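Novice: Got upload-v2.pdb for you, PDB, N, CA, C and O atoms:
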ATOM      1  N   MET F   1      75.229 182.608 144.810
ATOM      2  CA  MET F   1      75.766 182.936 143.503
ATOM      3  C   MET F   1      74.687 183.406 142.526
ATOM      4  O   MET F   1      75.000 183.945 141.503
ATOM      5  N   HIS F   2      73.427 183.167 142.851
ATOM      6  CA  HIS F   2      72.334 183.590 141.986
ATOM      7  C   HIS F   2      72.199 185.108 142.081
ATOM      8  O   HIS F   2      72.012 185.649 143.168
ATOM      9  N   PRO F   3      72.299 185.834 140.966
ATOM     10  CA  PRO F   3      72.328 187.303 141.023
ATOM     11  C   PRO F   3      71.075 187.937 141.618
ATOM     12  O   PRO F   3      71.173 188.916 142.353
ATOM     13  N   VAL F   4      69.895 187.409 141.340
ATOM     14  CA  VAL F   4      68.671 187.991 141.882
ATOM     15  C   VAL F   4      68.615 187.777 143.392
ATOM     16  O   VAL F   4      68.285 188.692 144.156
ATOM     17  N   VAL F   5      68.959 186.585 143.835
ATOM     18  CA  VAL F   5      68.952 186.292 145.270
ATOM     19  C   VAL F   5      69.990 187.157 145.971
ATOM     20  O   VAL F   5      69.723 187.746 147.020
ATOM     21  N   ARG F   6      71.170 187.252 145.393
ATOM     22  CA  ARG F   6      72.238 188.059 145.979
ATOM     23  C   ARG F   6      71.798 189.513 146.152
ATOM     24  O   ARG F   6      71.973 190.102 147.212
ATOM     25  N   GLU F   7      71.194 190.081 145.127
ATOM     26  CA  GLU F   7      70.737 191.470 145.206
ATOM     27  C   GLU F   7      69.618 191.624 146.230
ATOM     28  O   GLU F   7      69.561 192.620 146.950
ATOM     29  N   THR F   8      68.736 190.649 146.316
ATOM     30  CA  THR F   8      67.655 190.706 147.303
ATOM     31  C   THR F   8      68.217 190.744 148.713
ATOM     32  O   THR F   8      67.787 191.541 149.547
ATOM     33  N   VAL F   9      69.189 189.903 148.991
ATOM     34  CA  VAL F   9      69.808 189.870 150.315
ATOM     35  C   VAL F   9      70.545 191.175 150.600
ATOM     36  O   VAL F   9      70.419 191.749 151.687
ATOM     37  N   ILE F  10      71.290 191.666 149.628
ATOM     38  CA  ILE F  10      72.051 192.907 149.810
ATOM     39  C   ILE F  10      71.109 194.092 150.046
ATOM     40  O   ILE F  10      71.360 194.929 150.914
ATOM     41  N   GLN F  11      70.006 194.148 149.318
ATOM     42  CA  GLN F  11      69.081 195.274 149.424
ATOM     43  C   GLN F  11      68.149 195.178 150.640
ATOM     44  O   GLN F  11      67.538 196.172 151.033
ATOM     45  N   ASN F  12      68.021 193.982 151.240
ATOM     46  CA  ASN F  12      67.084 193.788 152.350
ATOM     47  C   ASN F  12      67.721 192.997 153.489
ATOM     48  O   ASN F  12      67.197 191.962 153.899
ATOM     49  N   PRO F  13      68.837 193.460 154.035
ATOM     50  CA  PRO F  13      69.519 192.666 155.060
ATOM     51  C   PRO F  13      68.668 192.398 156.297
ATOM     52  O   PRO F  13      68.830 191.366 156.943
ATOM     53  N   SER F  14      67.738 193.285 156.600
ATOM     54  CA  SER F  14      66.911 193.071 157.797
ATOM     55  C   SER F  14      65.990 191.860 157.648
ATOM     56  O   SER F  14      65.555 191.281 158.641
ATOM     57  N   LEU F  15      65.695 191.461 156.423
ATOM     58  CA  LEU F  15      64.852 190.284 156.200
ATOM     59  C   LEU F  15      65.591 188.983 156.474
ATOM     60  O   LEU F  15      64.969 187.930 156.628
ATOM     61  N   PHE F  16      66.916 189.044 156.522
ATOM     62  CA  PHE F  16      67.714 187.833 156.619
ATOM     63  C   PHE F  16      68.583 187.800 157.874
ATOM     64  O   PHE F  16      69.569 187.077 157.938
ATOM     65  N   GLU F  17      68.200 188.573 158.877
ATOM     66  CA  GLU F  17      68.934 188.593 160.132
ATOM     67  C   GLU F  17      68.833 187.222 160.803
ATOM     68  O   GLU F  17      67.772 186.612 160.853
ATOM     69  N   ILE F  18      69.966 186.737 161.285
ATOM     70  CA  ILE F  18      69.996 185.446 161.955
ATOM     71  C   ILE F  18      69.863 185.675 163.456
ATOM     72  O   ILE F  18      70.707 186.310 164.075
ATOM     73  N   ILE F  19      68.762 185.188 164.025
ATOM     74  CA  ILE F  19      68.520 185.308 165.455
ATOM     75  C   ILE F  19      68.389 183.896 166.008
ATOM     76  O   ILE F  19      67.478 183.164 165.631
ATOM     77  N   THR F  20      69.306 183.517 166.864
ATOM     78  CA  THR F  20      69.294 182.179 167.441
ATOM     79  C   THR F  20      69.250 182.300 168.953
ATOM     80  O   THR F  20      70.249 182.637 169.578
ATOM     81  N   PRO F  21      68.085 182.028 169.555
ATOM     82  CA  PRO F  21      67.994 182.128 171.011
ATOM     83  C   PRO F  21      68.673 180.958 171.729
ATOM     84  O   PRO F  21      68.640 180.881 172.935
ATOM     85  N   ILE F  22      69.300 180.083 170.970
ATOM     86  CA  ILE F  22      69.996 178.933 171.550
ATOM     87  C   ILE F  22      71.419 179.346 171.908
ATOM     88  O   ILE F  22      72.106 179.969 171.097
ATOM     89  N   LYS F  23      71.860 179.004 173.097
ATOM     90  CA  LYS F  23      73.255 179.233 173.477
ATOM     91  C   LYS F  23      74.064 178.136 172.803
ATOM     92  O   LYS F  23      74.139 176.996 173.275
ATOM     93  N   LEU F  24      74.663 178.502 171.692
ATOM     94  CA  LEU F  24      75.282 177.520 170.810
ATOM     95  C   LEU F  24      76.381 176.715 171.494
ATOM     96  O   LEU F  24      76.467 175.497 171.312
ATOM     97  N   LYS F  25      77.208 177.349 172.273
ATOM     98  CA  LYS F  25      78.293 176.632 172.954
ATOM     99  C   LYS F  25      77.720 175.588 173.918
ATOM    100  O   LYS F  25      78.207 174.446 173.971
ATOM    101  N   VAL F  26      76.691 175.942 174.646
ATOM    102  CA  VAL F  26      76.040 175.004 175.571
ATOM    103  C   VAL F  26      75.423 173.854 174.771
ATOM    104  O   VAL F  26      75.552 172.681 175.136
ATOM    105  N   PHE F  27      74.753 174.187 173.673
ATOM    106  CA  PHE F  27      74.139 173.188 172.810
ATOM    107  C   PHE F  27      75.188 172.197 172.290
ATOM    108  O   PHE F  27      74.994 170.982 172.342
ATOM    109  N   GLU F  28      76.311 172.729 171.808
ATOM    110  CA  GLU F  28      77.396 171.869 171.318
ATOM    111  C   GLU F  28      77.936 170.984 172.433
ATOM    112  O   GLU F  28      78.199 169.793 172.213
ATOM    113  N   ASP F  29      78.120 171.550 173.607
ATOM    114  CA  ASP F  29      78.625 170.775 174.743
ATOM    115  C   ASP F  29      77.663 169.643 175.113
ATOM    116  O   ASP F  29      78.099 168.535 175.446
ATOM    117  N   LEU F  30      76.373 169.919 175.059
ATOM    118  CA  LEU F  30      75.386 168.889 175.370
ATOM    119  C   LEU F  30      75.407 167.743 174.354
ATOM    120  O   LEU F  30      75.043 166.609 174.675
ATOM    121  N   LEU F  31      75.825 168.051 173.136
ATOM    122  CA  LEU F  31      75.825 167.050 172.068
ATOM    123  C   LEU F  31      77.209 166.465 171.780
ATOM    124  O   LEU F  31      77.389 165.755 170.796
ATOM    125  N   LYS F  32      78.176 166.714 172.659
ATOM    126  CA  LYS F  32      79.548 166.261 172.385
ATOM    127  C   LYS F  32      79.672 164.736 172.283
ATOM    128  O   LYS F  32      80.565 164.227 171.627
ATOM    129  N   ASP F  33      78.751 163.990 172.910
ATOM    130  CA  ASP F  33      78.790 162.532 172.851
ATOM    131  C   ASP F  33      77.774 161.947 171.859
ATOM    132  O   ASP F  33      77.587 160.730 171.812
ATOM    133  N   HIS F  34      77.136 162.804 171.089
ATOM    134  CA  HIS F  34      76.153 162.330 170.112
ATOM    135  C   HIS F  34      76.868 161.438 169.086
ATOM    136  O   HIS F  34      77.974 161.759 168.639
ATOM    137  N   PRO F  35      76.268 160.321 168.695
ATOM    138  CA  PRO F  35      76.939 159.394 167.776
ATOM    139  C   PRO F  35      77.115 159.925 166.352
ATOM    140  O   PRO F  35      77.957 159.414 165.611
ATOM    141  N   ASN F  36      76.370 160.930 165.970
ATOM    142  CA  ASN F  36      76.488 161.458 164.613
ATOM    143  C   ASN F  36      77.035 162.886 164.672
ATOM    144  O   ASN F  36      76.303 163.869 164.539
ATOM    145  N   GLN F  37      78.337 163.015 164.821
ATOM    146  CA  GLN F  37      78.966 164.328 164.961
ATOM    147  C   GLN F  37      78.907 165.159 163.680
ATOM    148  O   GLN F  37      78.906 166.386 163.739
ATOM    149  N   VAL F  38      78.852 164.495 162.529
ATOM    150  CA  VAL F  38      78.723 165.243 161.272
ATOM    151  C   VAL F  38      77.391 165.992 161.251
ATOM    152  O   VAL F  38      77.317 167.167 160.884
ATOM    153  N   PHE F  39      76.338 165.310 161.697
ATOM    154  CA  PHE F  39      75.026 165.941 161.772
ATOM    155  C   PHE F  39      75.024 167.077 162.793
ATOM    156  O   PHE F  39      74.496 168.157 162.534
ATOM    157  N   VAL F  40      75.620 166.841 163.943
ATOM    158  CA  VAL F  40      75.698 167.866 164.984
ATOM    159  C   VAL F  40      76.402 169.108 164.444
ATOM    160  O   VAL F  40      75.926 170.235 164.618
ATOM    161  N   LYS F  41      77.521 168.913 163.753
ATOM    162  CA  LYS F  41      78.259 170.050 163.188
ATOM    163  C   LYS F  41      77.400 170.787 162.156
ATOM    164  O   LYS F  41      77.378 172.017 162.120
ATOM    165  N   SER F  42      76.678 170.029 161.341
ATOM    166  CA  SER F  42      75.820 170.640 160.339
ATOM    167  C   SER F  42      74.739 171.502 160.986
ATOM    168  O   SER F  42      74.493 172.636 160.556
ATOM    169  N   VAL F  43      74.101 170.987 162.012
ATOM    170  CA  VAL F  43      73.056 171.741 162.716
ATOM    171  C   VAL F  43      73.647 172.975 163.395
ATOM    172  O   VAL F  43      73.105 174.078 163.290
ATOM    173  N   CYS F  44      74.779 172.801 164.064
ATOM    174  CA  CYS F  44      75.410 173.938 164.758
ATOM    175  C   CYS F  44      75.857 175.009 163.774
ATOM    176  O   CYS F  44      75.692 176.204 164.033
ATOM    177  N   ASP F  45      76.415 174.597 162.641
ATOM    178  CA  ASP F  45      76.798 175.566 161.609
ATOM    179  C   ASP F  45      75.561 176.303 161.086
ATOM    180  O   ASP F  45      75.595 177.518 160.873
ATOM    181  N   GLY F  46      74.476 175.570 160.879
ATOM    182  CA  GLY F  46      73.239 176.190 160.416
ATOM    183  C   GLY F  46      72.698 177.198 161.411
ATOM    184  O   GLY F  46      72.245 178.280 161.035
ATOM    185  N   LEU F  47      72.751 176.852 162.693
ATOM    186  CA  LEU F  47      72.281 177.779 163.713
ATOM    187  C   LEU F  47      73.165 179.017 163.808
ATOM    188  O   LEU F  47      72.681 180.117 164.070
ATOM    189  N   GLN F  48      74.451 178.833 163.589
ATOM    190  CA  GLN F  48      75.371 179.970 163.699
ATOM    191  C   GLN F  48      75.358 180.845 162.449
ATOM    192  O   GLN F  48      75.363 182.062 162.541
ATOM    193  N   TYR F  49      75.340 180.236 161.280
ATOM    194  CA  TYR F  49      75.497 180.993 160.036
ATOM    195  C   TYR F  49      74.224 181.082 159.206
ATOM    196  O   TYR F  49      74.168 181.820 158.233
ATOM    197  N   GLY F  50      73.204 180.303 159.577
ATOM    198  CA  GLY F  50      71.962 180.260 158.810
ATOM    199  C   GLY F  50      71.953 179.068 157.874
ATOM    200  O   GLY F  50      72.998 178.622 157.409
ATOM    201  N   PHE F  51      70.782 178.547 157.619
ATOM    202  CA  PHE F  51      70.665 177.362 156.770
ATOM    203  C   PHE F  51      70.512 177.710 155.300
ATOM    204  O   PHE F  51      70.793 176.902 154.451
ATOM    205  N   TRP F  52      70.054 178.888 154.998
ATOM    206  CA  TRP F  52      69.756 179.236 153.618
ATOM    207  C   TRP F  52      70.932 179.260 152.658
ATOM    208  O   TRP F  52      70.738 179.084 151.471
ATOM    209  N   PRO F  53      72.189 179.504 153.082
ATOM    210  CA  PRO F  53      73.255 179.553 152.073
ATOM    211  C   PRO F  53      73.394 178.274 151.261
ATOM    212  O   PRO F  53      73.899 178.300 150.146
ATOM    213  N   TRP F  54      72.920 177.164 151.800
ATOM    214  CA  TRP F  54      73.064 175.900 151.093
ATOM    215  C   TRP F  54      71.828 175.543 150.286
ATOM    216  O   TRP F  54      71.783 174.504 149.644
ATOM    217  N   ALA F  55      70.834 176.380 150.294
ATOM    218  CA  ALA F  55      69.597 176.093 149.565
ATOM    219  C   ALA F  55      69.852 176.124 148.065
ATOM    220  O   ALA F  55      70.536 177.001 147.553
ATOM    221  N   ASP F  56      69.312 175.169 147.372
ATOM    222  CA  ASP F  56      69.434 175.113 145.916
ATOM    223  C   ASP F  56      68.217 175.789 145.311
ATOM    224  O   ASP F  56      67.160 175.180 145.179
ATOM    225  N   ILE F  57      68.350 177.056 144.968
ATOM    226  CA  ILE F  57      67.219 177.804 144.452
ATOM    227  C   ILE F  57      67.336 178.048 142.949
ATOM    228  O   ILE F  57      66.463 178.640 142.343
ATOM    229  N   TRP F  58      68.415 177.624 142.359
ATOM    230  CA  TRP F  58      68.643 177.855 140.937
ATOM    231  C   TRP F  58      68.078 176.675 140.157
ATOM    232  O   TRP F  58      68.668 175.609 140.083
ATOM    233  N   LYS F  59      66.915 176.846 139.591
ATOM    234  CA  LYS F  59      66.267 175.807 138.801
ATOM    235  C   LYS F  59      66.063 176.332 137.386
ATOM    236  O   LYS F  59      65.383 177.349 137.196
ATOM    237  N   PRO F  60      66.626 175.679 136.401
ATOM    238  CA  PRO F  60      66.446 176.138 135.023
ATOM    239  C   PRO F  60      64.962 176.228 134.667
ATOM    240  O   PRO F  60      64.179 175.328 134.948
ATOM    241  N   GLY F  61      64.579 177.339 134.084
ATOM    242  CA  GLY F  61      63.212 177.537 133.661
ATOM    243  C   GLY F  61      62.304 178.138 134.721
ATOM    244  O   GLY F  61      61.190 178.543 134.420
ATOM    245  N   TYR F  62      62.753 178.185 135.964
ATOM    246  CA  TYR F  62      61.938 178.782 137.025
ATOM    247  C   TYR F  62      62.057 180.308 136.939
ATOM    248  O   TYR F  62      63.117 180.830 136.620
ATOM    249  N   PRO F  63      60.978 181.029 137.250
ATOM    250  CA  PRO F  63      61.055 182.493 137.225
ATOM    251  C   PRO F  63      61.897 183.016 138.381
ATOM    252  O   PRO F  63      62.027 182.358 139.416
ATOM    253  N   ASN F  64      62.471 184.204 138.204
ATOM    254  CA  ASN F  64      63.260 184.824 139.270
ATOM    255  C   ASN F  64      62.375 185.422 140.354
ATOM    256  O   ASN F  64      62.826 185.635 141.475
ATOM    257  N   GLU F  65      61.139 185.732 140.020
ATOM    258  CA  GLU F  65      60.220 186.354 140.970
ATOM    259  C   GLU F  65      58.874 185.650 140.899
ATOM    260  O   GLU F  65      58.516 185.068 139.878
ATOM    261  N   LEU F  66      58.119 185.738 141.980
ATOM    262  CA  LEU F  66      56.761 185.228 142.010
ATOM    263  C   LEU F  66      55.823 186.402 141.827
ATOM    264  O   LEU F  66      55.762 187.291 142.677
ATOM    265  N   ASP F  67      55.136 186.425 140.736
ATOM    266  CA  ASP F  67      54.214 187.525 140.440
ATOM    267  C   ASP F  67      52.807 186.960 140.384
ATOM    268  O   ASP F  67      52.427 186.274 139.445
ATOM    269  N   LEU F  68      52.005 187.247 141.400
ATOM    270  CA  LEU F  68      50.645 186.745 141.475
ATOM    271  C   LEU F  68      49.608 187.788 141.053
ATOM    272  O   LEU F  68      48.441 187.636 141.361
ATOM    273  N   SER F  69      50.064 188.834 140.362
ATOM    274  CA  SER F  69      49.125 189.893 139.968
ATOM    275  C   SER F  69      48.146 189.423 138.899
ATOM    276  O   SER F  69      48.314 188.463 138.227
TER     277      SER F  69
END
Please render this file's structure as C-alpha coordinates.
Specialist:
Amino acid sequence: MHPVVRETVIQNPSLFEIITPIKLKVFEDLLKDHPNQVFVKSVCDGLQYGFWPWADIWKPGYPNELDLS
(Lines of atoms letter the chains of each structure in order from A and count residues from 1; the text may use other names and numbers.)
(Lines give C-alpha, C1' and ligand atoms only; values in the text may rest on other atoms or scores of the structure.)
Protein backbone atom coordinates (compact mmCIF):
# COMPACT_ATOMS: atom_id res chain seq x y z
CA MET A 1 0.00 0.00 0.00
CA HIS A 2 3.01 2.31 0.33
CA PRO A 3 3.07 4.39 -2.89
CA VAL A 4 6.86 4.55 -3.27
CA VAL A 5 7.27 0.81 -2.71
CA ARG A 6 4.38 0.06 -5.06
CA GLU A 7 5.91 2.17 -7.84
CA THR A 8 9.33 0.61 -7.29
CA VAL A 9 7.90 -2.88 -7.70
CA ILE A 10 5.83 -1.89 -10.75
CA GLN A 11 8.79 -0.18 -12.44
CA ASN A 12 11.31 -2.96 -11.61
CA PRO A 13 9.51 -6.32 -11.71
CA SER A 14 12.71 -8.19 -12.52
CA LEU A 15 14.12 -7.20 -9.12
CA PHE A 16 11.27 -8.95 -7.34
CA GLU A 17 10.97 -12.20 -9.28
CA ILE A 18 10.14 -15.11 -7.00
CA ILE A 19 12.39 -18.10 -7.69
CA THR A 20 11.88 -21.09 -5.43
CA PRO A 21 13.98 -24.15 -6.25
CA ILE A 22 11.93 -26.08 -3.68
CA LYS A 23 9.25 -28.42 -5.01
CA LEU A 24 6.53 -26.91 -2.89
CA LYS A 25 4.05 -29.79 -3.12
CA VAL A 26 6.74 -32.28 -2.03
CA PHE A 27 7.79 -29.92 0.77
CA GLU A 28 4.18 -29.62 1.99
CA ASP A 29 3.72 -33.39 1.83
CA LEU A 30 6.87 -33.92 3.89
CA LEU A 31 5.53 -31.54 6.54
CA LYS A 32 1.94 -32.84 6.66
CA ASP A 33 2.51 -34.31 10.15
CA HIS A 34 4.40 -31.31 11.53
CA PRO A 35 2.87 -30.25 14.88
CA ASN A 36 2.71 -26.57 13.93
CA GLN A 37 0.60 -26.47 10.76
CA VAL A 38 0.03 -22.72 11.03
CA PHE A 39 3.78 -22.21 10.75
CA VAL A 40 4.03 -24.70 7.89
CA LYS A 41 1.29 -22.85 5.99
CA SER A 42 3.02 -19.54 6.62
CA VAL A 43 6.34 -20.83 5.28
CA CYS A 44 4.71 -22.49 2.26
CA ASP A 45 2.74 -19.33 1.45
CA GLY A 46 5.95 -17.31 1.73
CA LEU A 47 7.78 -19.66 -0.61
CA GLN A 48 4.94 -19.56 -3.12
CA TYR A 49 4.03 -15.87 -3.02
CA GLY A 50 7.11 -14.26 -1.45
CA PHE A 51 7.67 -13.04 2.07
CA TRP A 52 7.94 -9.34 1.37
CA PRO A 53 4.21 -8.51 1.02
CA TRP A 54 3.89 -8.74 4.79
CA ALA A 55 6.90 -6.56 5.56
CA ASP A 56 6.13 -3.47 7.59
CA ILE A 57 8.13 -0.80 5.80
CA TRP A 58 5.92 2.18 6.58
CA LYS A 59 7.56 3.98 9.49
CA PRO A 60 6.52 7.55 10.27
CA GLY A 61 9.43 9.91 9.82
CA TYR A 62 11.56 7.45 7.83
CA PRO A 63 12.73 8.63 4.40
CA ASN A 64 11.25 7.04 1.27
CA GLU A 65 14.71 6.57 -0.24
CA LEU A 66 18.23 5.95 1.02
CA ASP A 67 20.49 8.65 -0.32
CA LEU A 68 24.14 8.16 0.63
CA SER A 69 25.49 10.87 -1.68
Novice: Can you tell me how far atom O of F:Phe39 sits from atom C of F:Asn12, in Å to one decimal?
Specialist: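 Separating atom O of F:Phe39 from atom C of F:Asn12 is a distance of 27.3 Å.
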Novice: Evaluate the PyMOL selection byres ((chain F and resi 19) around 8) against this structure - the residues, as a PyMOL selection string, please.
Specialist: chain F and resi 16-18+20-22+47-48+50
Novice: Would you work out the distance separating atom CA of F:Val4 from atom CA of F:Cys44, expressed in Å to one decimal?
Specialist: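 Value for the atom CA of F:Val4-atom CA of F:Cys44 distance: 27.7 Å.
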Novice: Rounded to one decimal in Å, what is the spacing between atom CA of F:Asp45 and atom O of F:Pro63?
Specialist: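 Pair atom CA of F:Asp45 / atom O of F:Pro63 returns 27.5 Å.
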Novice: So for stretch 18-26 of chain F, what box centre and size do we get, axis-aligned, 6 Å extra on each of the six sides, every listed atom, Å to one decimal, as AutoDock Vina command-line options?
Specialist:
--center_x 72.9 --center_y 179.7 --center_z 168.4 --size_x 22.8 --size_y 26.1 --size_z 26.3
Novice: Spell out the residues picked by the PyMOL selection byres (((chain F and resi 28 and name CA) around 12) and name CA) here, as an mmCIF file with N, CA, C and O atoms, in the coordinates of the input.
Specialist:
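Heads up, here's the output in out35.cif:
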data_model
loop_
_atom_site.group_PDB
_atom_site.id
_atom_site.type_symbol
_atom_site.label_atom_id
_atom_site.label_comp_id
_atom_site.auth_asym_id
_atom_site.auth_seq_id
_atom_site.Cartn_x
_atom_site.Cartn_y
_atom_site.Cartn_z
ATOM 1 N N ILE F 22 69.300 180.083 170.970
ATOM 2 C CA ILE F 22 69.996 178.933 171.550
ATOM 3 C C ILE F 22 71.419 179.346 171.908
ATOM 4 O O ILE F 22 72.106 179.969 171.097
ATOM 5 N N LYS F 23 71.860 179.004 173.097
ATOM 6 C CA LYS F 23 73.255 179.233 173.477
ATOM 7 C C LYS F 23 74.064 178.136 172.803
ATOM 8 O O LYS F 23 74.139 176.996 173.275
ATOM 9 N N LEU F 24 74.663 178.502 171.692
ATOM 10 C CA LEU F 24 75.282 177.520 170.810
ATOM 11 C C LEU F 24 76.381 176.715 171.494
ATOM 12 O O LEU F 24 76.467 175.497 171.312
ATOM 13 N N LYS F 25 77.208 177.349 172.273
ATOM 14 C CA LYS F 25 78.293 176.632 172.954
ATOM 15 C C LYS F 25 77.720 175.588 173.918
ATOM 16 O O LYS F 25 78.207 174.446 173.971
ATOM 17 N N VAL F 26 76.691 175.942 174.646
ATOM 18 C CA VAL F 26 76.040 175.004 175.571
ATOM 19 C C VAL F 26 75.423 173.854 174.771
ATOM 20 O O VAL F 26 75.552 172.681 175.136
ATOM 21 N N PHE F 27 74.753 174.187 173.673
ATOM 22 C CA PHE F 27 74.139 173.188 172.810
ATOM 23 C C PHE F 27 75.188 172.197 172.290
ATOM 24 O O PHE F 27 74.994 170.982 172.342
ATOM 25 N N ASP F 29 78.120 171.550 173.607
ATOM 26 C CA ASP F 29 78.625 170.775 174.743
ATOM 27 C C ASP F 29 77.663 169.643 175.113
ATOM 28 O O ASP F 29 78.099 168.535 175.446
ATOM 29 N N LEU F 30 76.373 169.919 175.059
ATOM 30 C CA LEU F 30 75.386 168.889 175.370
ATOM 31 C C LEU F 30 75.407 167.743 174.354
ATOM 32 O O LEU F 30 75.043 166.609 174.675
ATOM 33 N N LEU F 31 75.825 168.051 173.136
ATOM 34 C CA LEU F 31 75.825 167.050 172.068
ATOM 35 C C LEU F 31 77.209 166.465 171.780
ATOM 36 O O LEU F 31 77.389 165.755 170.796
ATOM 37 N N LYS F 32 78.176 166.714 172.659
ATOM 38 C CA LYS F 32 79.548 166.261 172.385
ATOM 39 C C LYS F 32 79.672 164.736 172.283
ATOM 40 O O LYS F 32 80.565 164.227 171.627
ATOM 41 N N ASP F 33 78.751 163.990 172.910
ATOM 42 C CA ASP F 33 78.790 162.532 172.851
ATOM 43 C C ASP F 33 77.774 161.947 171.859
ATOM 44 O O ASP F 33 77.587 160.730 171.812
ATOM 45 N N HIS F 34 77.136 162.804 171.089
ATOM 46 C CA HIS F 34 76.153 162.330 170.112
ATOM 47 C C HIS F 34 76.868 161.438 169.086
ATOM 48 O O HIS F 34 77.974 161.759 168.639
ATOM 49 N N GLN F 37 78.337 163.015 164.821
ATOM 50 C CA GLN F 37 78.966 164.328 164.961
ATOM 51 C C GLN F 37 78.907 165.159 163.680
ATOM 52 O O GLN F 37 78.906 166.386 163.739
ATOM 53 N N PHE F 39 76.338 165.310 161.697
ATOM 54 C CA PHE F 39 75.026 165.941 161.772
ATOM 55 C C PHE F 39 75.024 167.077 162.793
ATOM 56 O O PHE F 39 74.496 168.157 162.534
ATOM 57 N N VAL F 40 75.620 166.841 163.943
ATOM 58 C CA VAL F 40 75.698 167.866 164.984
ATOM 59 C C VAL F 40 76.402 169.108 164.444
ATOM 60 O O VAL F 40 75.926 170.235 164.618
ATOM 61 N N LYS F 41 77.521 168.913 163.753
ATOM 62 C CA LYS F 41 78.259 170.050 163.188
ATOM 63 C C LYS F 41 77.400 170.787 162.156
ATOM 64 O O LYS F 41 77.378 172.017 162.120
ATOM 65 N N SER F 42 76.678 170.029 161.341
ATOM 66 C CA SER F 42 75.820 170.640 160.339
ATOM 67 C C SER F 42 74.739 171.502 160.986
ATOM 68 O O SER F 42 74.493 172.636 160.556
ATOM 69 N N VAL F 43 74.101 170.987 162.012
ATOM 70 C CA VAL F 43 73.056 171.741 162.716
ATOM 71 C C VAL F 43 73.647 172.975 163.395
ATOM 72 O O VAL F 43 73.105 174.078 163.290
ATOM 73 N N CYS F 44 74.779 172.801 164.064
ATOM 74 C CA CYS F 44 75.410 173.938 164.758
ATOM 75 C C CYS F 44 75.857 175.009 163.774
ATOM 76 O O CYS F 44 75.692 176.204 164.033
ATOM 77 N N ASP F 45 76.415 174.597 162.641
ATOM 78 C CA ASP F 45 76.798 175.566 161.609
ATOM 79 C C ASP F 45 75.561 176.303 161.086
ATOM 80 O O ASP F 45 75.595 177.518 160.873
ATOM 81 N N LEU F 47 72.751 176.852 162.693
ATOM 82 C CA LEU F 47 72.281 177.779 163.713
ATOM 83 C C LEU F 47 73.165 179.017 163.808
ATOM 84 O O LEU F 47 72.681 180.117 164.070
ATOM 85 N N GLN F 48 74.451 178.833 163.589
ATOM 86 C CA GLN F 48 75.371 179.970 163.699
ATOM 87 C C GLN F 48 75.358 180.845 162.449
ATOM 88 O O GLN F 48 75.363 182.062 162.541
#
